[in-house]
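Data file: target-v7.tsv. Format and content: TSV, C-alpha atoms and all ligand atoms.
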chain	number	residue	atom	x	y	z
R	1	MET	CA	-31.86	4.19	-22.25
R	2	ALA	CA	-30.53	4.50	-18.71
R	3	LYS	CA	-27.35	6.45	-18.48
R	4	ILE	CA	-24.82	6.30	-15.67
R	5	ILE	CA	-23.42	9.58	-14.48
R	6	GLY	CA	-20.87	10.21	-11.83
R	7	ALA	CA	-19.32	12.96	-9.80
R	8	VAL	CA	-16.42	13.28	-7.41
R	9	VAL	CA	-15.84	15.55	-4.46
R	10	VAL	CA	-12.21	16.21	-3.57
R	11	ASP	CA	-11.30	17.19	-0.03
R	12	GLU	CA	-9.30	20.18	-1.24
R	13	GLU	CA	-7.49	20.79	2.03
R	14	LYS	CA	-6.28	17.18	2.28
R	15	CYS	CA	-5.25	16.86	-1.37
R	16	LYS	CA	-1.49	16.94	-1.92
R	17	GLY	CA	-1.68	17.59	-5.65
R	18	CYS	CA	0.24	14.42	-6.51
R	19	ASN	CA	-1.54	14.12	-9.88
R	20	VAL	CA	-1.96	10.35	-9.59
R	21	CYS	CA	-5.77	10.59	-9.82
R	22	VAL	CA	-5.59	12.94	-12.81
R	23	ASN	CA	-3.33	10.46	-14.57
R	24	GLU	CA	-5.61	7.52	-13.71
R	25	CYS	CA	-8.86	9.01	-15.02
R	26	ILE	CA	-9.10	7.92	-18.65
R	27	HIS	CA	-12.20	10.08	-19.09
R	28	ASP	CA	-10.19	13.27	-18.70
R	29	VAL	CA	-12.42	14.55	-15.92
R	30	LEU	CA	-9.81	15.68	-13.41
R	31	ALA	CA	-7.09	18.32	-13.41
R	32	LEU	CA	-5.00	20.12	-10.83
R	33	HIS	CA	-6.45	23.53	-10.01
R	34	LYS	CA	-4.42	26.65	-10.66
R	35	GLU	CA	-5.26	27.75	-7.10
R	36	VAL	CA	-3.54	26.14	-4.12
R	37	ASN	CA	-4.84	24.97	-0.73
R	38	SER	CA	-3.43	26.25	2.56
R	39	TYR	CA	-0.51	23.80	2.32
R	40	GLY	CA	0.41	25.20	-1.09
R	41	TYR	CA	-0.75	22.18	-3.07
R	42	HIS	CA	-2.56	22.50	-6.39
R	43	TYR	CA	-5.58	20.39	-5.53
R	44	SER	CA	-7.42	18.07	-7.87
R	45	TYR	CA	-10.86	19.11	-9.18
R	46	MET	CA	-13.43	18.14	-11.82
R	47	LYS	CA	-12.45	20.11	-14.88
R	48	ASN	CA	-14.87	18.25	-17.16
R	49	SER	CA	-17.60	17.24	-14.76
R	50	ASP	CA	-20.00	16.06	-17.48
R	51	LYS	CA	-17.59	13.27	-18.46
R	52	CYS	CA	-17.44	11.49	-15.09
R	53	ILE	CA	-18.94	7.97	-14.99
R	54	GLY	CA	-18.34	7.37	-11.27
R	55	CYS	CA	-15.99	4.43	-11.89
R	56	ALA	CA	-14.07	5.18	-8.64
R	57	ASN	CA	-10.66	4.62	-10.22
R	58	CYS	CA	-9.40	8.02	-9.11
R	59	GLY	CA	-10.51	7.33	-5.55
R	60	LEU	CA	-8.82	3.92	-5.45
R	61	VAL	CA	-5.40	5.27	-6.39
R	62	CYS	CA	-5.48	8.37	-4.17
R	63	PRO	CA	-2.93	7.76	-1.39
R	64	ASP	CA	-4.61	10.33	0.80
R	65	THR	CA	-8.16	9.07	0.32
R	66	CYS	CA	-9.46	12.55	-0.37
R	67	ILE	CA	-11.89	11.65	-3.14
R	68	THR	CA	-15.53	10.67	-2.48
R	69	ILE	CA	-17.30	9.24	-5.52
R	70	TYR	CA	-20.97	9.36	-6.43
R	71	ARG	CA	-22.85	7.53	-9.17
R	72	ALA	CA	-26.45	7.78	-10.30
R	73	LYS	CA	-28.66	6.40	-13.07
R	74	VAL	CA	-30.71	8.80	-15.16
M	1	MET	CA	-29.15	16.10	-14.06
M	2	GLU	CA	-27.24	18.70	-12.11
M	3	LEU	CA	-24.19	17.90	-9.98
M	4	ILE	CA	-26.19	18.72	-6.89
M	5	ASP	CA	-28.57	15.85	-7.75
M	6	ILE	CA	-25.72	13.34	-8.04
M	7	ILE	CA	-23.77	14.41	-4.97
M	8	LYS	CA	-26.08	12.83	-2.42
M	9	GLN	CA	-25.48	10.39	0.39
M	10	GLU	CA	-27.41	7.57	-1.32
M	11	ASN	CA	-25.26	7.82	-4.46
M	12	ILE	CA	-21.90	7.31	-2.75
M	13	VAL	CA	-19.91	4.46	-4.32
M	14	TYR	CA	-16.53	5.15	-2.74
M	15	LYS	CA	-15.50	7.00	0.38
M	16	LYS	CA	-12.89	7.05	3.09
M	17	SER	CA	-13.08	4.07	5.45
M	18	LYS	CA	-14.27	4.66	9.02
M	19	VAL	CA	-11.20	2.73	10.19
M	20	LEU	CA	-8.94	5.51	8.84
M	21	ASN	CA	-8.49	8.38	11.27
M	22	ASP	CA	-9.45	11.82	10.05
M	23	VAL	CA	-5.90	13.16	9.89
M	24	VAL	CA	-3.58	14.06	7.02
M	25	MET	CA	-0.94	11.36	6.58
M	26	HIS	CA	2.62	12.67	6.79
M	27	TYR	CA	3.73	10.85	3.64
M	28	CYS	CA	5.06	12.72	0.63
M	29	PRO	CA	2.47	13.40	-2.11
M	30	GLY	CA	1.82	10.24	-4.15
M	31	CYS	CA	3.63	7.86	-1.78
M	32	SER	CA	2.47	4.23	-2.02
M	33	HIS	CA	2.35	3.91	1.78
M	34	GLY	CA	-0.92	5.87	1.91
M	35	THR	CA	-2.62	3.72	-0.72
M	36	VAL	CA	-1.67	0.42	0.92
M	37	GLN	CA	-2.72	1.62	4.37
M	38	LYS	CA	-6.06	2.75	3.05
M	39	VAL	CA	-6.62	-0.72	1.55
M	40	ILE	CA	-5.77	-2.36	4.89
M	41	ALA	CA	-8.22	-0.04	6.69
M	42	GLU	CA	-10.98	-0.83	4.18
M	43	LEU	CA	-10.48	-4.57	4.69
M	44	ILE	CA	-10.48	-4.26	8.48
M	45	GLU	CA	-13.79	-2.45	8.18
M	46	GLU	CA	-15.29	-4.87	5.63
M	47	LEU	CA	-14.23	-7.98	7.58
M	48	ASP	CA	-15.32	-6.42	10.88
M	49	LEU	CA	-11.90	-6.84	12.47
M	50	GLN	CA	-11.45	-3.48	14.16
M	51	GLU	CA	-11.70	-5.00	17.66
M	52	ARG	CA	-9.63	-8.06	16.77
M	53	ALA	CA	-6.75	-6.56	14.80
M	54	ILE	CA	-3.36	-5.82	16.35
M	55	GLY	CA	-0.78	-4.24	14.07
M	56	VAL	CA	2.95	-4.08	14.62
M	57	ALA	CA	4.49	-0.89	13.26
M	58	PRO	CA	8.00	-0.74	11.79
M	59	VAL	CA	10.78	1.79	11.81
M	60	GLY	CA	10.83	3.71	8.54
M	61	CYS	CA	8.53	6.23	6.91
M	62	SER	CA	5.49	4.18	7.96
M	63	VAL	CA	6.42	4.35	11.65
M	64	PHE	CA	3.36	6.55	12.23
M	65	ILE	CA	0.92	4.02	10.74
M	66	TYR	CA	-0.57	3.75	14.24
M	67	ASN	CA	-1.86	7.30	13.87
M	68	TYR	CA	-3.78	6.42	10.72
M	69	ILE	CA	-5.42	3.00	11.08
M	70	GLU	CA	-7.67	2.92	14.14
M	71	VAL	CA	-6.82	-0.47	15.66
M	72	ASP	CA	-4.48	-1.58	18.46
M	73	TRP	CA	-0.80	-1.18	17.65
M	74	GLN	CA	2.58	-2.07	19.05
M	75	GLU	CA	5.72	-0.34	17.83
M	76	ALA	CA	8.70	-2.66	17.30
M	77	ALA	CA	12.42	-1.92	17.20
M	78	HIS	CA	13.80	-1.66	13.66
M	79	GLY	CA	13.19	-4.95	11.81
M	80	ARG	CA	11.84	-6.79	14.82
M	81	ALA	CA	8.14	-6.59	13.95
M	82	PRO	CA	7.77	-10.31	13.05
M	83	ALA	CA	9.35	-11.31	16.38
M	84	VAL	CA	7.07	-8.95	18.32
M	85	ALA	CA	4.08	-10.18	16.29
M	86	THR	CA	5.04	-13.76	17.16
M	87	GLY	CA	4.67	-13.01	20.86
M	88	ILE	CA	1.41	-11.12	20.40
M	89	SER	CA	-0.22	-13.77	18.25
M	90	ARG	CA	0.87	-16.67	20.46
M	91	LEU	CA	-0.51	-14.98	23.56
M	92	ASN	CA	-3.68	-13.82	21.80
M	93	PRO	CA	-4.70	-16.60	19.44
M	94	ASP	CA	-8.11	-14.98	18.87
M	95	LYS	CA	-6.63	-11.77	17.52
M	96	PHE	CA	-5.67	-10.97	13.95
M	97	VAL	CA	-1.99	-9.95	14.10
M	98	PHE	CA	-0.16	-8.29	11.23
M	99	THR	CA	3.05	-6.41	10.60
M	100	TYR	CA	3.63	-3.59	8.14
M	101	GLN	CA	7.26	-3.13	7.12
M	102	GLY	CA	9.48	-1.39	4.58
M	103	ASP	CA	12.28	-3.11	2.71
M	104	GLY	CA	15.02	-1.64	4.90
M	105	ASP	CA	13.15	-2.81	7.97
M	106	LEU	CA	12.16	-6.25	6.68
M	107	ALA	CA	14.91	-7.29	4.26
M	108	SER	CA	17.94	-5.67	5.89
M	109	ILE	CA	18.08	-5.20	9.65
M	110	GLY	CA	15.07	-7.51	10.16
M	111	SER	CA	15.91	-10.25	7.66
M	112	GLY	CA	16.60	-12.76	10.45
M	113	GLU	CA	13.36	-12.09	12.33
M	114	THR	CA	11.40	-12.17	9.09
M	115	LEU	CA	12.79	-15.44	7.77
M	116	HIS	CA	12.48	-17.23	11.10
M	117	ALA	CA	8.90	-16.07	11.77
M	118	CYS	CA	7.95	-17.24	8.27
M	119	ASN	CA	9.84	-20.50	8.72
M	120	ARG	CA	8.07	-21.17	12.01
M	121	GLY	CA	4.79	-20.44	10.26
M	122	GLU	CA	3.55	-17.93	12.81
M	123	ASN	CA	-0.10	-17.05	12.30
M	124	ILE	CA	0.56	-13.50	11.19
M	125	LEU	CA	0.19	-11.45	8.03
M	126	ILE	CA	3.30	-9.60	6.91
M	127	ILE	CA	2.82	-6.65	4.57
M	128	PHE	CA	6.08	-5.75	2.92
M	129	ILE	CA	6.48	-2.39	1.17
M	130	ASN	CA	9.31	-2.74	-1.31
M	131	ASN	CA	10.22	0.69	-2.63
M	132	GLY	CA	13.83	-0.30	-3.27
M	133	ILE	CA	15.26	2.33	-0.96
M	134	TYR	CA	15.53	3.59	2.61
M	135	GLY	CA	12.92	6.33	2.33
M	136	MET	CA	12.96	7.80	5.80
M	137	THR	CA	16.68	8.32	6.20
M	138	GLY	CA	17.35	9.99	2.85
M	139	GLY	CA	17.18	7.43	0.08
M	140	GLN	CA	20.13	5.11	0.78
M	141	MET	CA	20.55	1.78	-0.98
M	142	ALA	CA	18.44	-1.05	0.44
M	143	PRO	CA	19.00	-4.79	-0.07
M	144	THR	CA	16.17	-4.59	-2.61
M	145	THR	CA	17.65	-1.74	-4.68
M	146	ILE	CA	17.81	-3.05	-8.24
M	147	GLU	CA	21.01	-3.06	-10.27
M	148	GLY	CA	21.80	0.27	-11.84
M	149	MET	CA	19.42	2.16	-9.55
M	150	VAL	CA	20.77	5.49	-8.34
M	151	THR	CA	20.46	6.12	-4.60
M	152	SER	CA	22.23	8.53	-2.28
M	153	THR	CA	24.78	5.82	-1.41
M	154	THR	CA	25.06	4.43	-4.96
M	155	PRO	CA	25.30	7.70	-6.91
M	156	PHE	CA	26.51	5.86	-10.02
M	157	GLY	CA	23.87	3.16	-9.74
M	158	ARG	CA	23.95	-0.11	-7.81
M	159	ASN	CA	26.80	-2.26	-9.00
M	160	ALA	CA	26.48	-5.93	-7.98
M	161	GLU	CA	30.24	-6.43	-7.89
M	162	LEU	CA	30.72	-3.60	-5.41
M	163	ASN	CA	27.37	-3.46	-3.61
M	164	GLY	CA	26.15	-7.04	-3.78
M	165	HIS	CA	23.13	-8.40	-5.58
M	166	PRO	CA	19.59	-7.17	-4.99
M	167	LEU	CA	17.77	-9.53	-2.63
M	168	LYS	CA	14.52	-11.17	-3.72
M	169	ILE	CA	13.51	-11.98	-0.19
M	170	THR	CA	9.94	-12.82	-1.19
M	171	GLU	CA	11.23	-15.68	-3.36
M	172	LEU	CA	13.17	-17.01	-0.35
M	173	ILE	CA	10.10	-16.76	1.86
M	174	ALA	CA	7.98	-18.65	-0.66
M	175	LYS	CA	10.35	-21.60	-0.23
M	176	LEU	CA	9.76	-21.84	3.53
M	177	PRO	CA	7.32	-24.49	4.73
M	178	GLY	CA	5.73	-22.12	7.30
M	179	THR	CA	4.20	-19.81	4.74
M	180	SER	CA	0.83	-20.53	3.19
M	181	TYR	CA	0.35	-17.57	0.90
M	182	VAL	CA	3.11	-15.47	-0.66
M	183	THR	CA	2.29	-12.89	-3.28
M	184	ARG	CA	3.68	-9.77	-4.94
M	185	GLN	CA	1.35	-6.88	-5.73
M	186	SER	CA	1.39	-3.14	-6.49
M	187	VAL	CA	-0.95	-0.17	-6.05
M	188	HIS	CA	-0.02	2.13	-8.93
M	189	THR	CA	-3.29	1.81	-10.88
M	190	ALA	CA	-6.91	1.24	-9.88
M	191	ALA	CA	-6.75	-2.31	-11.29
M	192	ALA	CA	-3.61	-3.00	-9.25
M	193	VAL	CA	-5.25	-1.62	-6.09
M	194	ARG	CA	-8.24	-3.94	-6.60
M	195	LYS	CA	-5.93	-6.96	-7.03
M	196	CYS	CA	-3.80	-5.98	-4.07
M	197	LYS	CA	-6.91	-5.68	-1.94
M	198	LYS	CA	-7.97	-9.21	-2.90
M	199	ALA	CA	-4.50	-10.50	-2.05
M	200	ILE	CA	-4.42	-8.83	1.38
M	201	LYS	CA	-7.93	-10.14	2.03
M	202	LYS	CA	-6.77	-13.66	1.29
M	203	GLY	CA	-3.78	-13.18	3.57
M	204	ILE	CA	-6.06	-12.01	6.39
M	205	GLN	CA	-8.41	-14.96	5.90
M	206	ASN	CA	-5.51	-17.43	5.94
M	207	VAL	CA	-4.30	-15.99	9.22
M	208	LEU	CA	-7.79	-16.18	10.72
M	209	GLU	CA	-7.94	-19.82	9.59
M	210	LYS	CA	-4.52	-20.47	11.22
M	211	LYS	CA	-2.87	-21.52	7.99
M	212	GLY	CA	0.52	-20.13	8.95
M	213	THR	CA	2.27	-17.00	7.73
M	214	SER	CA	0.88	-15.00	4.85
M	215	PHE	CA	3.23	-12.60	3.11
M	216	VAL	CA	2.15	-9.80	0.77
M	217	GLU	CA	4.88	-7.78	-0.92
M	218	VAL	CA	3.75	-4.53	-2.50
M	219	VAL	CA	6.22	-3.19	-5.07
M	220	SER	CA	6.01	0.51	-4.27
M	221	THR	CA	7.42	3.91	-5.10
M	222	CYS	CA	9.36	6.37	-3.01
M	223	ASN	CA	9.11	9.29	-5.38
M	224	SER	CA	11.01	11.63	-3.04
M	225	GLY	CA	13.89	9.22	-2.62
M	226	TRP	CA	13.88	8.39	-6.30
M	227	LYS	CA	13.75	12.13	-7.09
M	228	MET	CA	10.84	11.84	-9.52
M	229	THR	CA	7.26	13.09	-9.67
M	230	PRO	CA	4.73	10.55	-8.33
M	231	VAL	CA	3.43	9.79	-11.84
M	232	ALA	CA	6.95	9.41	-13.26
M	233	ALA	CA	7.88	7.16	-10.31
M	234	ASN	CA	4.93	4.86	-11.06
M	235	LYS	CA	6.06	4.62	-14.67
M	236	TRP	CA	9.67	3.99	-13.65
M	237	MET	CA	8.51	1.25	-11.33
M	238	GLU	CA	6.55	-0.44	-14.12
M	239	GLU	CA	9.48	-0.30	-16.50
M	240	ASN	CA	12.33	-1.12	-14.14
M	241	MET	CA	11.06	-2.80	-10.98
M	242	PHE	CA	8.40	-5.13	-12.41
M	243	PRO	CA	10.80	-7.04	-14.72
M	244	PHE	CA	12.96	-7.87	-11.68
M	245	TYR	CA	10.07	-8.18	-9.22
M	246	PRO	CA	7.29	-9.75	-11.32
M	247	LEU	CA	3.78	-9.38	-9.88
M	248	GLY	CA	1.58	-12.33	-8.97
M	249	ASP	CA	1.28	-15.18	-6.48
M	250	LEU	CA	4.50	-17.00	-5.62
M	251	LYS	CA	2.81	-19.53	-3.37
M	252	ASP	CA	-0.73	-20.43	-2.48
M	253	ASP	CA	-0.43	-23.47	-0.36
M	254	ILE	CA	-1.04	-25.26	2.88
M	255	LYS	CA	1.30	-24.92	5.84
M	256	ASP	CA	3.89	-27.68	6.25
M	257	GLU	CA	3.56	-28.97	2.73
M	258	PRO	CA	6.97	-29.42	1.13
M	259	ALA	CA	8.24	-26.29	-0.54
M	260	SER	CA	9.19	-28.29	-3.64
M	261	LYS	CA	5.51	-28.62	-4.47
M	262	ASN	CA	5.38	-24.93	-5.37
X	301	LIG	C1	18.48	0.20	15.05
X	301	LIG	C2	18.30	1.27	14.03
X	301	LIG	N1	19.15	1.35	12.98
X	301	LIG	C3	19.00	2.31	12.04
X	301	LIG	C4	17.98	3.22	12.13
X	301	LIG	C5	17.82	4.29	11.07
X	301	LIG	N2	16.73	4.03	10.15
X	301	LIG	C6	15.51	4.57	10.34
X	301	LIG	S1	14.44	4.19	9.12
X	301	LIG	C7	15.60	3.28	8.30
X	301	LIG	C8	15.32	2.61	7.00
X	301	LIG	C9	13.91	2.60	6.60
X	301	LIG	O1	13.76	2.12	5.32
X	301	LIG	P1	12.55	1.20	4.88
X	301	LIG	O2	12.34	0.12	5.86
X	301	LIG	O3	12.80	0.78	3.48
X	301	LIG	O4	11.26	2.11	4.99
X	301	LIG	P2	10.79	3.39	4.13
X	301	LIG	O5	11.24	4.56	4.95
X	301	LIG	O6	11.42	3.31	2.78
X	301	LIG	O7	9.33	3.25	4.10
X	301	LIG	C10	16.82	3.30	8.99
X	301	LIG	C11	18.04	2.62	8.54
X	301	LIG	C12	17.09	3.11	13.24
X	301	LIG	N3	16.06	3.93	13.40
X	301	LIG	N4	17.28	2.14	14.17
X	302	LIG	S1	-14.87	8.44	-10.97
X	302	LIG	FE1	-13.88	7.63	-12.84
X	302	LIG	S2	-14.56	8.99	-14.46
X	302	LIG	FE2	-15.02	10.05	-12.54
X	302	LIG	S3	-13.21	11.36	-12.19
X	302	LIG	FE3	-12.85	9.40	-11.11
X	302	LIG	S4	-11.71	8.16	-12.57
X	302	LIG	FE4	-12.63	9.84	-13.74
X	303	LIG	S1	-4.56	11.40	-5.90
X	303	LIG	FE1	-5.47	12.36	-4.09
X	303	LIG	S2	-3.85	13.62	-3.21
X	303	LIG	FE2	-3.20	13.11	-5.28
X	303	LIG	S3	-3.94	14.85	-6.53
X	303	LIG	FE3	-5.54	13.30	-6.57
X	303	LIG	S4	-6.94	13.84	-4.91
X	303	LIG	FE4	-5.02	14.93	-4.57
X	304	LIG	S1	10.35	9.47	1.67
X	304	LIG	FE1	9.58	7.99	0.17
X	304	LIG	S2	8.63	6.31	1.36
X	304	LIG	FE2	8.90	8.09	2.73
X	304	LIG	S3	6.92	9.20	2.64
X	304	LIG	FE3	8.29	10.12	1.12
X	304	LIG	S4	7.84	9.04	-0.80
X	304	LIG	FE4	7.02	7.80	0.89
Mind turning this structure into structure tokens?
Ligand SMILES: Cc1ncc(C[n+]2csc(CCOP(=O)(O)OP(=O)(O)O)c2C)c(N)n1
Ligand code: SF4
Ligand code: SF4
Ligand code: SF4
Amino acid sequence: MAKIIGAVVVDEEKCKGCNVCVNECIHDVLALHKEVNSYGYHYSYMKNSDKCIGCANCGLVCPDTCITIYRAKV
Amino acid sequence: MELIDIIKQENIVYKKSKVLNDVVMHYCPGCSHGTVQKVIAELIEELDLQERAIGVAPVGCSVFIYNYIEVDWQEAAHGRAPAVATGISRLNPDKFVFTYQGDGDLASIGSGETLHACNRGENILIIFINNGIYGMTGGQMAPTTIEGMVTSTTPFGRNAELNGHPLKITELIAKLPGTSYVTRQSVHTAAAVRKCKKAIKKGIQNVLEKKGTSFVEVVSTCNSGWKMTPVAANKWMEENMFPFYPLGDLKDDIKDEPASKN
């Protein structure tokens, strides 16, 4: 059976660590990194990358449009 | 399948619009302004309006919107965006003219300009960011501040007896014969962003079809002014703002039809 898998790429330097995307992802993919970017923000990253379905919800709610979303069928 | 096999150009399902400039917006982390402006940029791209759109920028936190959305802009004095947009749209009937305004700008100092532009039914789209506060100047009470809400000028919460009643200006505007489409949206969840995008799209199309004024309120957060985290501000908005400012269409009509039909 075809399975949909997704992935996101966060523009770490533009992320302001607002946590809105982390809160929106019901698949528990995202988290704020313990490291910070050059502005001092804990940027968002894929903590559980195998769970992403590429639904784009995180990207839609990001006020800074720093998430690019990919989806593929396998 | 490895990540490297998914992260390929042909698999992109969502990315930053070309109509958004490649700069970091100055808004506080999690501010609704960024989300709404991104939606506007996406629609300008999708509807191929980059050469036809003229925005009128407000005074308030979103004063720098002209640095973010790559279309023609005119800055207006505080609250005067609908009056400036009137002139632009009358002189350039082939352009798509819109304003983007906060609640201090639109419902306080600019309430006269707003109501009269809507009453005249100018062919413009007004996008109204209602975060219940003056964000830029330090979180003072706005006309839209709900009862009980703490702001820097109502430290014990807004008290209607002392501070007056919160103004539902969108309800007033829906009563005016010049408006064709009046709606209230939000952008705090992905589902809300999708709905808001549909609403703004409809507003744009109505303006292009010369149906009169379209008015889209977006109930928004100002997490800095509210002194909350962005996620807590979204929750507070759901629990406290939405009961007073219920989401949905207030009017979806034809210009010059009697308001009583709504
Ligand atoms: C004529 C004039 N009066 C007052 C001000 C000060 N001022 C700047 S922004 C603002 C309020 C902005 O609030 P709002 O429209 O709600 O936008 P936000 O910053 O919340 O997005 C005020 C009163 C001004 N710039 N010009
Ligand atoms: S695309 Fe969907 S599943 Fe993947 S991180 Fe974003 S919200 Fe979560
Ligand atoms: S919503 Fe955007 S800015 Fe906020 S943490 Fe997520 S990626 Fe960063
Ligand atoms: S002060 Fe409020 S409205 Fe202004 S950018 Fe910050 S969060 Fe947004």
Using all atoms listed in the file, I'd like every residue of chain R that has an atom within 10 Å of chain M; please write them out as a count of residues only. 42
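Between Gly112 of chain M and the candidates M:Lys198, M:His78, M:Lys211, M:Lys95, the tightest atom-to-atom separation, counting all atoms listed in the file, involves M:His78.
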Check which residues fall inside 6 Å of ligand LIG 304 (chain X) when counting all atoms listed in the file, and print them as a ChimeraX atom specification. /M:27-28,31,61,135-136,222-225
Could you give me the centre and size, in Å to one decimal, of an axis-aligned box around all listed atoms of ligand LIG 302 (chain X) with 8 Å added on every side, as AutoDock Vina command-line options?
--center_x -13.4 --center_y 9.5 --center_z -12.7 --size_x 19.3 --size_y 19.7 --size_z 19.5
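Distance check against Thr99 of chain M using only C-alpha atoms: of M:Cys118, M:Leu172, M:Val56, M:Ile129, the minimum falls on M:Val56.
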Using the partial input, fill out segment 17-38 of chain M with N, CA and C atoms; write the result as a PDB file, keeping the file's coordinate frame.
ATOM      1  N   SER M  17     -12.652   5.055   4.457  1.00  0.00           N
ATOM      2  CA  SER M  17     -13.080   4.070   5.450  1.00  0.00           C
ATOM      3  C   SER M  17     -13.165   4.690   6.835  1.00  0.00           C
ATOM      4  N   LYS M  18     -14.119   4.184   7.622  1.00  0.00           N
ATOM      5  CA  LYS M  18     -14.270   4.660   9.020  1.00  0.00           C
ATOM      6  C   LYS M  18     -13.075   4.242   9.880  1.00  0.00           C
ATOM      7  N   VAL M  19     -12.344   3.225   9.414  1.00  0.00           N
ATOM      8  CA  VAL M  19     -11.200   2.730  10.190  1.00  0.00           C
ATOM      9  C   VAL M  19      -9.952   3.631   9.988  1.00  0.00           C
ATOM     10  N   LEU M  20     -10.036   4.539   9.014  1.00  0.00           N
ATOM     11  CA  LEU M  20      -8.940   5.510   8.840  1.00  0.00           C
ATOM     12  C   LEU M  20      -9.248   6.736   9.683  1.00  0.00           C
ATOM     13  N   ASN M  21      -8.285   7.167  10.475  1.00  0.00           N
ATOM     14  CA  ASN M  21      -8.490   8.380  11.270  1.00  0.00           C
ATOM     15  C   ASN M  21      -8.560   9.612  10.367  1.00  0.00           C
ATOM     16  N   ASP M  22      -9.262  10.612  10.846  1.00  0.00           N
ATOM     17  CA  ASP M  22      -9.450  11.820  10.050  1.00  0.00           C
ATOM     18  C   ASP M  22      -8.255  12.772  10.238  1.00  0.00           C
ATOM     19  N   VAL M  23      -7.096  12.314   9.810  1.00  0.00           N
ATOM     20  CA  VAL M  23      -5.900  13.160   9.890  1.00  0.00           C
ATOM     21  C   VAL M  23      -5.191  13.094   8.532  1.00  0.00           C
ATOM     22  N   VAL M  24      -4.348  14.080   8.264  1.00  0.00           N
ATOM     23  CA  VAL M  24      -3.580  14.060   7.020  1.00  0.00           C
ATOM     24  C   VAL M  24      -2.324  13.223   7.271  1.00  0.00           C
ATOM     25  N   MET M  25      -2.134  12.196   6.427  1.00  0.00           N
ATOM     26  CA  MET M  25      -0.940  11.360   6.580  1.00  0.00           C
ATOM     27  C   MET M  25       0.305  12.194   6.290  1.00  0.00           C
ATOM     28  N   HIS M  26       1.416  11.856   6.963  1.00  0.00           N
ATOM     29  CA  HIS M  26       2.620  12.670   6.790  1.00  0.00           C
ATOM     30  C   HIS M  26       3.415  12.303   5.546  1.00  0.00           C
ATOM     31  N   TYR M  27       2.957  11.302   4.797  1.00  0.00           N
ATOM     32  CA  TYR M  27       3.730  10.850   3.640  1.00  0.00           C
ATOM     33  C   TYR M  27       3.831  11.915   2.560  1.00  0.00           C
ATOM     34  N   CYS M  28       4.889  11.807   1.762  1.00  0.00           N
ATOM     35  CA  CYS M  28       5.060  12.720   0.630  1.00  0.00           C
ATOM     36  C   CYS M  28       3.884  12.530  -0.342  1.00  0.00           C
ATOM     37  N   PRO M  29       3.547  13.554  -1.124  1.00  0.00           N
ATOM     38  CA  PRO M  29       2.470  13.400  -2.110  1.00  0.00           C
ATOM     39  C   PRO M  29       2.733  12.196  -3.021  1.00  0.00           C
ATOM     40  N   GLY M  30       1.708  11.369  -3.212  1.00  0.00           N
ATOM     41  CA  GLY M  30       1.820  10.240  -4.150  1.00  0.00           C
ATOM     42  C   GLY M  30       2.522   9.021  -3.619  1.00  0.00           C
ATOM     43  N   CYS M  31       2.889   9.001  -2.351  1.00  0.00           N
ATOM     44  CA  CYS M  31       3.630   7.860  -1.780  1.00  0.00           C
ATOM     45  C   CYS M  31       2.722   6.632  -1.672  1.00  0.00           C
ATOM     46  N   SER M  32       3.255   5.472  -2.059  1.00  0.00           N
ATOM     47  CA  SER M  32       2.470   4.230  -2.020  1.00  0.00           C
ATOM     48  C   SER M  32       2.012   3.846  -0.617  1.00  0.00           C
ATOM     49  N   HIS M  33       2.737   4.271   0.415  1.00  0.00           N
ATOM     50  CA  HIS M  33       2.350   3.910   1.780  1.00  0.00           C
ATOM     51  C   HIS M  33       0.877   4.250   2.047  1.00  0.00           C
ATOM     52  N   GLY M  34       0.457   5.438   1.643  1.00  0.00           N
ATOM     53  CA  GLY M  34      -0.920   5.870   1.910  1.00  0.00           C
ATOM     54  C   GLY M  34      -1.934   4.945   1.262  1.00  0.00           C
ATOM     55  N   THR M  35      -1.667   4.562   0.019  1.00  0.00           N
ATOM     56  CA  THR M  35      -2.620   3.720  -0.720  1.00  0.00           C
ATOM     57  C   THR M  35      -2.743   2.351  -0.071  1.00  0.00           C
ATOM     58  N   VAL M  36      -1.621   1.755   0.310  1.00  0.00           N
ATOM     59  CA  VAL M  36      -1.670   0.420   0.920  1.00  0.00           C
ATOM     60  C   VAL M  36      -2.393   0.491   2.273  1.00  0.00           C
ATOM     61  N   GLN M  37      -2.104   1.519   3.037  1.00  0.00           N
ATOM     62  CA  GLN M  37      -2.720   1.620   4.370  1.00  0.00           C
ATOM     63  C   GLN M  37      -4.219   1.846   4.282  1.00  0.00           C
ATOM     64  N   LYS M  38      -4.628   2.567   3.259  1.00  0.00           N
ATOM     65  CA  LYS M  38      -6.060   2.750   3.050  1.00  0.00           C
ATOM     66  C   LYS M  38      -6.736   1.415   2.733  1.00  0.00           C
TER      67      LYS M  38
END
